[in-house]
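To start, the structure under review is shown below, and the notes come after it.
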Amino acid sequence: MTTEKKRVRGMTMTAAAFAAGLLSTQVHAADGLDLDALIAAAKTEKPINVYDSTGKIVEMAEGFTAKYGVKATGVKVSANSQLEMIIRESQAGNVQGDVALITDAPAALAQLLPQEFVESYLPADMVAKIPAEFQNPLAISTNANVWAYNTEAYDKCPVANIWELTEPKWKGKVALVDPLTKGTYTDWFNQMEKHADDKVAGAYKTYFGKDLATEEKSASAAWIKALAQNAPLVTDGDDPVAEAVGAAGQKEPFFGLLSSAKFRDNEGKGYKLGICKDLNPWVGWTYVKLGLIATKTQSPNAAKLFIHYILTEEGIAPQMKDGKLPTNTDIKMPADEPSGLMTVADRLFGYNSSTGLEDFDRREEWQDFWRVNYSK
């Protein structure tokens, strides 16, 4: 199996997820796509705004405008803010964000798509290139959070098993984004419990040499509790984690969990971030970014053209540099991608959307679980 195919399989939402009927939204794809006609129609419409949680959307929108002569403006908006803005704009009949590139897939499944605030559009010429599990709703990329260490302070990753992070040695020395502020983290908790609890239990036995005995309902819950009780540094975003782990000149740097995009700081800020490539049972976990169109947009053809654009190598390239892996299997990752994510793509815990709605429903429960057990 090629590395690219391993990437698609290892960072996937399963095809069975959507076959199970999570969504009633239909993919709008005709038998064929007349791209020239779509461009011509887009040019008659008003300029569009595109929401995304990365600043790279500005560059992407500029590239789109230059290529097609159709004005698009990229607007950096957090996933949480996107949800609120999309709903309010639709209810007010005043759509400002015509396209939303959103990483909060469970919230989109639970709130945006069923209420028809947005719709999913898959260009017909992309059907054969996008794996079925990413088609409905359309996912444009898979994104990864990975465990990282400081390569200046350590000649190799100092941690071999996630259960080590619950030991006294790492008390107060693990950094991650606060699960109370970012839904993808509690989604990850639920995903582990529902789809890979045996892996977490197996990692325990590998590390401690005995079976896990716990009063918690799962091995995943036991690990999350133990990690929370070991006084990790929780932050409001990936930037502080990247600094705590990767800043040069540290004698005892943090070990951390952060977006693969932050490895660009090795060059930009002189950080020394390295992926912990052999961590048991996974080196990190993934989530997806959906590409959705506001149902009340006044520029539907321009919005569709933008979706088509970001499914091409030219369109998604700015985000590929940050380790965002395109769902279009024809596109190859650049060799100089800073994190080296492709070398460990098959060792990432991939998001499985079969519990996407449950992930959303249990967020508060998992937040409460973290809050009760967290100690500074």
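Ordering of the structure tokens sets the chain letters (A, B, ...), residue numbers begin anew at 1 in every chain, and ligands are numbered from 1 in the order given.
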DSSP-assigned alpha helix (DSSP H) members of stretch 152-277 of chain A, reported as JSON, numbers by chain = {"A": [183, 184, 185, 186, 187, 188, 189, 190, 191, 192, 193, 194, 195, 197, 198, 199, 200, 201, 202, 203, 204, 205, 206, 207, 208, 219, 220, 221, 222, 223, 224, 225, 226, 227, 228, 238, 239, 240, 241, 242, 243, 244, 245, 246, 265, 266, 267, 268]}
Spatial neighbours of stretch 235-250 of chain A, 9 Å, only C-alpha atoms, chain gap at least 2 places, as a ChimeraX atom specification = /A:148-153,174-178,181-182,233,252-259,262-263,265-266,269-274
Could you tell me how far atom CA of A:Val99 lies from atom CA of A:Tyr309, in Å and to one decimal?
->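 A separation of 12.2 Å between them.
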Might you pull out every residue within 7 Å of stretch 113-119 of chain A, with only C-alpha atoms counted and same-chain residues fewer than 5 positions away left off, and present them as a PyMOL selection string?
-> chain A and resi 25+86-87+90+108+292-295
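Nearest-residue note for A:Phe134: choosing from A:Phe369, A:Lys169, A:Leu311, A:Cys276, the minimum distance belongs to A:Leu311, counting only C-alpha atoms.
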Closest of A:Ile224, A:Ala92, A:Ala302, A:Leu290 to A:Asp52, counting only C-alpha atoms, is A:Leu290
Selection: 9 Å around A:Val70, only C-alpha atoms, excl. self and same-chain fewer than 5 positions, as JSON, numbers by chain = {"A": [39, 42, 43, 44, 45, 46, 47, 48, 64, 65, 302]}
Just the residues within 9 Å of A:Gln82, please, counting only C-alpha atoms, with nothing from its chain fewer than 6 positions along; format it as a PyMOL selection string.
-> chain A and resi 51-53+97+100-102
Using DSSP on the backbone, list every residue of stretch 33-161 of chain A that comes out as strand (DSSP E or B), and give them as a PyMOL selection string.
-> chain A and resi 48-52+72-76+99-102+118-120+139-150+161
Residues from last step as file, N, CA, C and O atoms, as a compact mmCIF listing (two decimals), in the first residue's frame:
# COMPACT_ATOMS: atom_id res chain seq x y z
N ILE A 48 -17.77 37.14 -2.92
CA ILE A 48 -18.06 36.24 -1.81
C ILE A 48 -17.04 36.40 -0.68
O ILE A 48 -15.92 36.85 -0.89
N ASN A 49 -17.48 36.02 0.50
CA ASN A 49 -16.61 35.93 1.66
C ASN A 49 -16.48 34.46 2.05
O ASN A 49 -17.46 33.70 1.98
N VAL A 50 -15.30 34.08 2.47
CA VAL A 50 -15.04 32.69 2.85
C VAL A 50 -14.51 32.66 4.28
O VAL A 50 -13.49 33.29 4.58
N TYR A 51 -15.20 31.95 5.16
CA TYR A 51 -14.78 31.80 6.54
C TYR A 51 -13.88 30.57 6.70
O TYR A 51 -14.17 29.51 6.16
N ASP A 52 -12.83 30.73 7.47
CA ASP A 52 -11.95 29.61 7.80
C ASP A 52 -11.23 29.96 9.09
O ASP A 52 -11.06 31.14 9.43
N ALA A 72 -13.16 37.12 -4.19
CA ALA A 72 -13.40 36.40 -2.94
C ALA A 72 -12.51 36.99 -1.87
O ALA A 72 -11.35 37.36 -2.12
N THR A 73 -13.03 37.11 -0.68
CA THR A 73 -12.29 37.62 0.47
C THR A 73 -12.23 36.55 1.54
O THR A 73 -13.26 36.02 1.96
N GLY A 74 -11.04 36.22 1.97
CA GLY A 74 -10.88 35.25 3.04
C GLY A 74 -10.94 35.92 4.40
O GLY A 74 -10.32 36.96 4.62
N VAL A 75 -11.71 35.34 5.31
CA VAL A 75 -11.91 35.90 6.64
C VAL A 75 -11.57 34.83 7.67
O VAL A 75 -12.19 33.77 7.70
N LYS A 76 -10.58 35.12 8.52
CA LYS A 76 -10.22 34.17 9.58
C LYS A 76 -11.23 34.25 10.71
O LYS A 76 -11.38 35.29 11.35
N VAL A 99 -19.15 30.90 1.98
CA VAL A 99 -18.53 29.58 2.09
C VAL A 99 -17.93 29.46 3.49
O VAL A 99 -17.30 30.41 3.98
N ALA A 100 -18.14 28.31 4.11
CA ALA A 100 -17.58 28.07 5.44
C ALA A 100 -16.69 26.83 5.38
O ALA A 100 -17.15 25.75 5.01
N LEU A 101 -15.43 27.00 5.74
CA LEU A 101 -14.50 25.88 5.88
C LEU A 101 -14.35 25.66 7.37
O LEU A 101 -13.70 26.44 8.07
N ILE A 102 -14.98 24.62 7.89
CA ILE A 102 -15.16 24.49 9.33
C ILE A 102 -14.64 23.16 9.86
O ILE A 102 -14.90 22.09 9.28
N VAL A 118 -26.66 25.55 5.87
CA VAL A 118 -25.62 25.32 4.86
C VAL A 118 -25.98 24.07 4.07
O VAL A 118 -26.84 23.28 4.48
N GLU A 119 -25.29 23.91 2.95
CA GLU A 119 -25.44 22.70 2.17
C GLU A 119 -24.07 22.23 1.70
O GLU A 119 -23.11 23.00 1.67
N SER A 120 -24.02 20.95 1.35
CA SER A 120 -22.78 20.36 0.87
C SER A 120 -22.84 20.25 -0.64
O SER A 120 -23.86 19.81 -1.20
N ALA A 139 -15.70 16.90 2.89
CA ALA A 139 -14.52 17.25 3.68
C ALA A 139 -13.40 17.60 2.71
O ALA A 139 -13.11 16.82 1.80
N ILE A 140 -12.80 18.76 2.90
CA ILE A 140 -11.75 19.18 1.97
C ILE A 140 -10.37 18.73 2.43
O ILE A 140 -9.44 18.62 1.63
N SER A 141 -10.23 18.48 3.74
CA SER A 141 -8.92 18.07 4.25
C SER A 141 -9.08 17.34 5.56
O SER A 141 -10.12 17.42 6.23
N THR A 142 -8.05 16.58 5.91
CA THR A 142 -7.95 16.01 7.25
C THR A 142 -6.81 16.73 7.95
O THR A 142 -5.74 16.93 7.38
N ASN A 143 -7.05 17.10 9.19
CA ASN A 143 -6.08 17.85 9.98
C ASN A 143 -5.63 17.00 11.16
O ASN A 143 -6.39 16.16 11.65
N ALA A 144 -4.41 17.21 11.61
CA ALA A 144 -3.86 16.36 12.66
C ALA A 144 -3.35 17.17 13.85
O ALA A 144 -2.75 18.23 13.69
N ASN A 145 -3.56 16.61 15.03
CA ASN A 145 -2.88 17.04 16.25
C ASN A 145 -1.90 15.93 16.62
O ASN A 145 -2.29 14.75 16.63
N VAL A 146 -0.67 16.27 16.89
CA VAL A 146 0.36 15.27 17.14
C VAL A 146 1.10 15.55 18.44
O VAL A 146 1.19 16.70 18.89
N TRP A 147 1.62 14.48 19.03
CA TRP A 147 2.46 14.61 20.21
C TRP A 147 3.87 15.01 19.77
O TRP A 147 4.43 14.42 18.85
N ALA A 148 4.40 16.02 20.44
CA ALA A 148 5.69 16.58 20.01
C ALA A 148 6.63 16.78 21.19
O ALA A 148 6.21 16.95 22.34
N TYR A 149 7.92 16.78 20.87
CA TYR A 149 8.96 17.00 21.88
C TYR A 149 9.99 17.98 21.34
O TYR A 149 9.96 18.36 20.16
N ASN A 150 10.91 18.40 22.19
CA ASN A 150 11.95 19.34 21.83
C ASN A 150 13.20 18.59 21.39
O ASN A 150 13.84 17.90 22.18
N ASN A 161 4.98 5.79 25.47
CA ASN A 161 3.63 5.29 25.71
C ASN A 161 2.80 6.41 26.35
O ASN A 161 3.30 7.12 27.23
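Closest approach to A:Thr186 among A:Phe208, A:Phe360, A:Tyr351, A:Tyr374 is made by A:Phe360 (distances from only C-alpha atoms).
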Please, which residues in stretch 52-135 of chain A fall within 12 Å of stretch 321-325 of chain A when counting only C-alpha atoms, and what is the closest atom pair and distance in Å to one decimal for each, ordered by chain then residue number, as a Markdown table?
| residue | atom | partner | partner_atom | distance |
| --- | --- | --- | --- | --- |
| A:Thr54 | CA | A:Asp322 | CA | 10.0 |
| A:Gly55 | CA | A:Asp322 | CA | 11.2 |
| A:Lys56 | CA | A:Asp322 | CA | 9.2 |
| A:Thr103 | CA | A:Lys324 | CA | 11.5 |
Emit the selected residues as a CSV table (one decimal), in the first residue's frame, including N, CA, C and O atoms.
chain,number,residue,atom,x,y,z
A,54,THR,N,-8.1,29.4,9.8
A,54,THR,CA,-6.7,29.6,9.5
A,54,THR,C,-6.5,30.9,8.7
A,54,THR,O,-7.3,31.2,7.8
A,55,GLY,N,-5.5,31.7,9.0
A,55,GLY,CA,-5.2,32.9,8.3
A,55,GLY,C,-4.8,32.6,6.8
A,55,GLY,O,-4.8,33.5,6.0
A,56,LYS,N,-4.5,31.4,6.5
A,56,LYS,CA,-4.1,31.0,5.1
A,56,LYS,C,-5.3,31.2,4.2
A,56,LYS,O,-5.1,31.2,3.0
A,103,THR,N,-13.9,23.2,10.9
A,103,THR,CA,-13.3,22.0,11.5
A,103,THR,C,-14.2,21.4,12.6
A,103,THR,O,-13.8,20.3,13.0
Out of A:Gly32, A:Thr329, A:Val200, A:Pro158, which residue has the shortest atom-to-atom distance to A:Trp170 when counting only C-alpha atoms?
-> A:Pro158
Please indicate the distance in Å from atom CA of A:Leu348 to atom CA of A:Ser81, rounded to one decimal place.
->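 Going from atom CA of A:Leu348 over to atom CA of A:Ser81 covers 27.8 Å.
Excluding A:Asp330 itself and same-chain residues fewer than 6 positions from it, the residues having an atom within 10 Å of it are Glu4, Met126, Ala128, Lys129, Ile130, Leu311, Thr312 and Glu313 of chain A, counting only C-alpha atoms.
Across A:Pro326, A:Ala222, A:Gly356, A:Gln319, the tightest approach to A:Glu59 is made by A:Gln319 when counting only C-alpha atoms.
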Would you list the contacts of A:Gly183 as an mmCIF file with C-alpha atoms, in the first residue's frame, taking every protein, DNA or RNA residue within 9 Å and counting only C-alpha atoms, but skipping same-chain residues closer than 3 positions in sequence?
data_model
loop_
_atom_site.group_PDB
_atom_site.id
_atom_site.type_symbol
_atom_site.label_atom_id
_atom_site.label_comp_id
_atom_site.auth_asym_id
_atom_site.auth_seq_id
_atom_site.Cartn_x
_atom_site.Cartn_y
_atom_site.Cartn_z
ATOM 1 C CA ASN A 80 -17.009 28.356 17.332
ATOM 2 C CA ASP A 104 -16.183 21.406 13.905
ATOM 3 C CA PRO A 106 -19.931 17.249 14.820
ATOM 4 C CA ALA A 107 -21.520 20.681 15.273
ATOM 5 C CA PRO A 179 -10.449 20.665 26.349
ATOM 6 C CA LEU A 180 -12.952 23.079 27.890
ATOM 7 C CA THR A 186 -13.642 16.262 23.773
ATOM 8 C CA ASP A 187 -14.605 14.706 20.436
ATOM 9 C CA TRP A 188 -11.247 12.935 20.589
ATOM 10 C CA ASP A 359 -19.419 13.282 19.933
ATOM 11 C CA PHE A 360 -21.397 16.514 19.845
ATOM 12 C CA ARG A 363 -19.143 17.273 24.754
#
